[in-house]
Amino acid sequence: MLSVPEPTPEVVILCGGRGSRLGPVTELLPKPLVKVAGRPILYHIMGHYAGHGFKRFTLCLGYGGDMIRDYFLNYRIRNHDFSLHLGEGAPRMLGRAADTLDWQVTCVETGYAAQTGARIYRAQTYVEGPYFLCTYGDGLANVDIPALIAFHRRHGRIATVTAVRAPSPGSLGSGRFGELVIGDDDRVMTFAEKPDRPIGDASGYINGGFFVFNREIINYLSDDDTCVLERTALERLAAEGELFAFKYDGFWQCMDTLEDRDYLDRLLSSGPSLPVEPAGSLIPVGAGA
């Protein structure tokens, strides 16, 4: 009997947060639509996954969700010549699009005030397969996604987090990042969500997003608005030996502040690619589209 190939895993992106540290920028836009190098940061994140062949996306919407819906609903029109009869039907696309993507995008309303865990829980209905990829809608990295998945499947546990180096020693214990204690076998011994002091025996690694989750992660989450992925699930998974760290020392940058936004804007405006990870290959942003 011929074996049926496993479907390519879906990518769940958390897009519901406001991003208050970006000040007036996010009073007008949801954080994932804040532009860097002329495109929403969300586009660049999706482009990185698509460059590795992962083109099915589920977006967990919240604050400013209608604007994210409109961005994708009108994407073809924004990037195509078209002809439209104002009294009849849909526009007719003309010629070749300026930017053609073959991504499948599912937009899911997960609640204005919901925390990260509740958002994933509410999107589960639309996510297929035994495992899925997941990340935040405000951070870029040149993570080797196939290597990340291979690592996850080798250890066979419920969850993998990409562990990145803290931007500076002073950022540990600052309440800004989730922090990890990682064992010799890459098992996360302790996960602490945004502690206000460095955790004991900390490895200098923090939560960089770019997760892989087996479907069993849902058993650690709930439909309650207050369900936080990092506290409700990841801290418990670490305590139970079900969370492993994919150590990554290459390019990673979150967009928490205007300074972060400006840095990413300069970086991506200087070329079409994210900085290369030490042992990886250069992945053009938006490749595979």
# chains A, B, ... in the order shown; residues from 1 in each chain; ligands from 1
$ residues_around --residues "A:Phe210" --least-positions-apart "5" --cutoff "6 Å" --atoms "only C-alpha atoms" --output "VMD selection string"
chain A and resid 134 to 135 162
$ write_last_selection --atoms "C-alpha atoms" --output "PDB file, in the first residue's frame"
ATOM      1  CA  CYS A 134       3.330  29.069  15.366  1.00  0.00           C
ATOM      2  CA  THR A 135       4.941  32.442  15.927  1.00  0.00           C
ATOM      3  CA  THR A 162      13.153  28.597  19.266  1.00  0.00           C
TER       4      THR A 162
END
$ closest_atom_pairs --of "stretch 179-231 of chain A" --to "stretch 236-251 of chain A" --cutoff "7 Å" --atoms "only C-alpha atoms" --output "CSV"
residue,atom,partner,partner_atom,distance
A:Asp186,CA,A:Ala245,CA,5.4
A:Arg187,CA,A:Phe244,CA,4.4
A:Val188,CA,A:Phe244,CA,5.2
A:Met189,CA,A:Ala238,CA,5.7
A:Thr190,CA,A:Ala238,CA,5.7
A:Phe191,CA,A:Ala238,CA,6.1
$ write_last_selection --atoms "N, CA and C atoms" --output "mmCIF file, in the first residue's frame"
data_model
loop_
_atom_site.group_PDB
_atom_site.id
_atom_site.type_symbol
_atom_site.label_atom_id
_atom_site.label_comp_id
_atom_site.auth_asym_id
_atom_site.auth_seq_id
_atom_site.Cartn_x
_atom_site.Cartn_y
_atom_site.Cartn_z
ATOM 1 N N ASP A 186 18.880 19.658 25.556
ATOM 2 C CA ASP A 186 18.018 20.677 24.940
ATOM 3 C C ASP A 186 16.599 20.694 25.505
ATOM 4 N N ARG A 187 16.366 19.934 26.552
ATOM 5 C CA ARG A 187 15.082 20.018 27.234
ATOM 6 C C ARG A 187 15.030 21.331 28.022
ATOM 7 N N VAL A 188 13.895 22.014 27.971
ATOM 8 C CA VAL A 188 13.729 23.233 28.761
ATOM 9 C C VAL A 188 13.390 22.819 30.189
ATOM 10 N N MET A 189 14.316 23.074 31.095
ATOM 11 C CA MET A 189 14.120 22.703 32.495
ATOM 12 C C MET A 189 13.188 23.686 33.201
ATOM 13 N N THR A 190 13.322 24.966 32.836
ATOM 14 C CA THR A 190 12.471 26.013 33.402
ATOM 15 C C THR A 190 12.130 27.018 32.310
ATOM 16 N N PHE A 191 10.856 27.381 32.222
ATOM 17 C CA PHE A 191 10.417 28.482 31.371
ATOM 18 C C PHE A 191 9.753 29.496 32.282
#
$ atom_distance --atom1 "atom CA of A:Glu216" --atom2 "atom CA of A:Gly62"
23.9 Å
$ closest_atom_pairs --of "stretch 85-133 of chain A" --to "stretch 5-29 of chain A" --cutoff "8 Å" --atoms "only C-alpha atoms" --output "tab-separated table"
residue	atom	partner	partner_atom	distance
A:Thr110	CA	A:Gly16	CA	7.6
A:Gly111	CA	A:Gly16	CA	7.7
A:Tyr112	CA	A:Gly16	CA	7.0
A:Ala114	CA	A:Gly16	CA	7.9
A:Thr116	CA	A:Leu14	CA	7.0
A:Arg119	CA	A:Leu14	CA	7.4
A:Ile120	CA	A:Val12	CA	7.8
A:Val127	CA	A:Glu10	CA	6.7
A:Glu128	CA	A:Glu10	CA	7.2
A:Gly129	CA	A:Pro9	CA	6.6
A:Tyr131	CA	A:Pro9	CA	6.5
A:Phe132	CA	A:Pro9	CA	5.1
A:Leu133	CA	A:Val11	CA	4.6
$ write_last_selection --atoms "C-alpha atoms" --output "compact mmCIF listing (two decimals), in the first residue's frame"
# COMPACT_ATOMS: atom_id res chain seq x y z
CA THR A 110 -10.12 35.38 18.31
CA GLY A 111 -11.27 38.30 20.45
CA TYR A 112 -10.20 41.86 21.18
CA ALA A 114 -7.90 37.53 24.42
CA THR A 116 -2.13 34.31 23.35
CA ARG A 119 -6.24 32.86 20.55
CA ILE A 120 -4.56 29.57 19.60
CA VAL A 127 -5.79 24.02 11.80
CA GLU A 128 -5.23 20.55 10.33
CA GLY A 129 -2.58 17.92 10.84
CA TYR A 131 1.37 19.41 14.45
CA PHE A 132 1.58 23.04 13.40
CA LEU A 133 4.01 25.94 13.34
$ closest_atom_pairs --of "stretch 136-252 of chain A" --to "stretch 30-35 of chain A" --cutoff "9 Å" --atoms "only C-alpha atoms" --output "Markdown table"
| residue | atom | partner | partner_atom | distance |
| --- | --- | --- | --- | --- |
| A:Tyr136 | CA | A:Pro32 | CA | 9.0 |
| A:Gly137 | CA | A:Pro32 | CA | 5.3 |
| A:Asp138 | CA | A:Pro32 | CA | 5.9 |
$ write_last_selection --atoms "N, CA and C atoms" --output "compact mmCIF listing (two decimals), in the first residue's frame"
# COMPACT_ATOMS: atom_id res chain seq x y z
N TYR A 136 4.89 34.72 16.65
CA TYR A 136 4.30 36.03 16.95
C TYR A 136 4.30 36.90 15.69
N GLY A 137 3.35 37.84 15.63
CA GLY A 137 3.24 38.70 14.46
C GLY A 137 4.08 39.96 14.53
N ASP A 138 5.16 39.91 15.32
CA ASP A 138 5.99 41.12 15.47
C ASP A 138 7.48 40.81 15.58
$ closest_residue --among "A:Ala159, A:Lys194, A:Arg215, A:Leu148" --to "A:Leu234" --atoms "only C-alpha atoms"
A:Ala159
$ select_by_dssp --residues "stretch 111-243 of chain A" --states "strand (DSSP E)" --output "NGL selection string"
:A and (131-136 or 139-141 or 159-165 or 179-182 or 188-192 or 205-207 or 211-214 or 243)
$ closest_residue --among "A:Asp262, A:Glu88, A:Glu109, A:Asp66" --to "A:Tyr126" --atoms "only C-alpha atoms"
A:Glu109
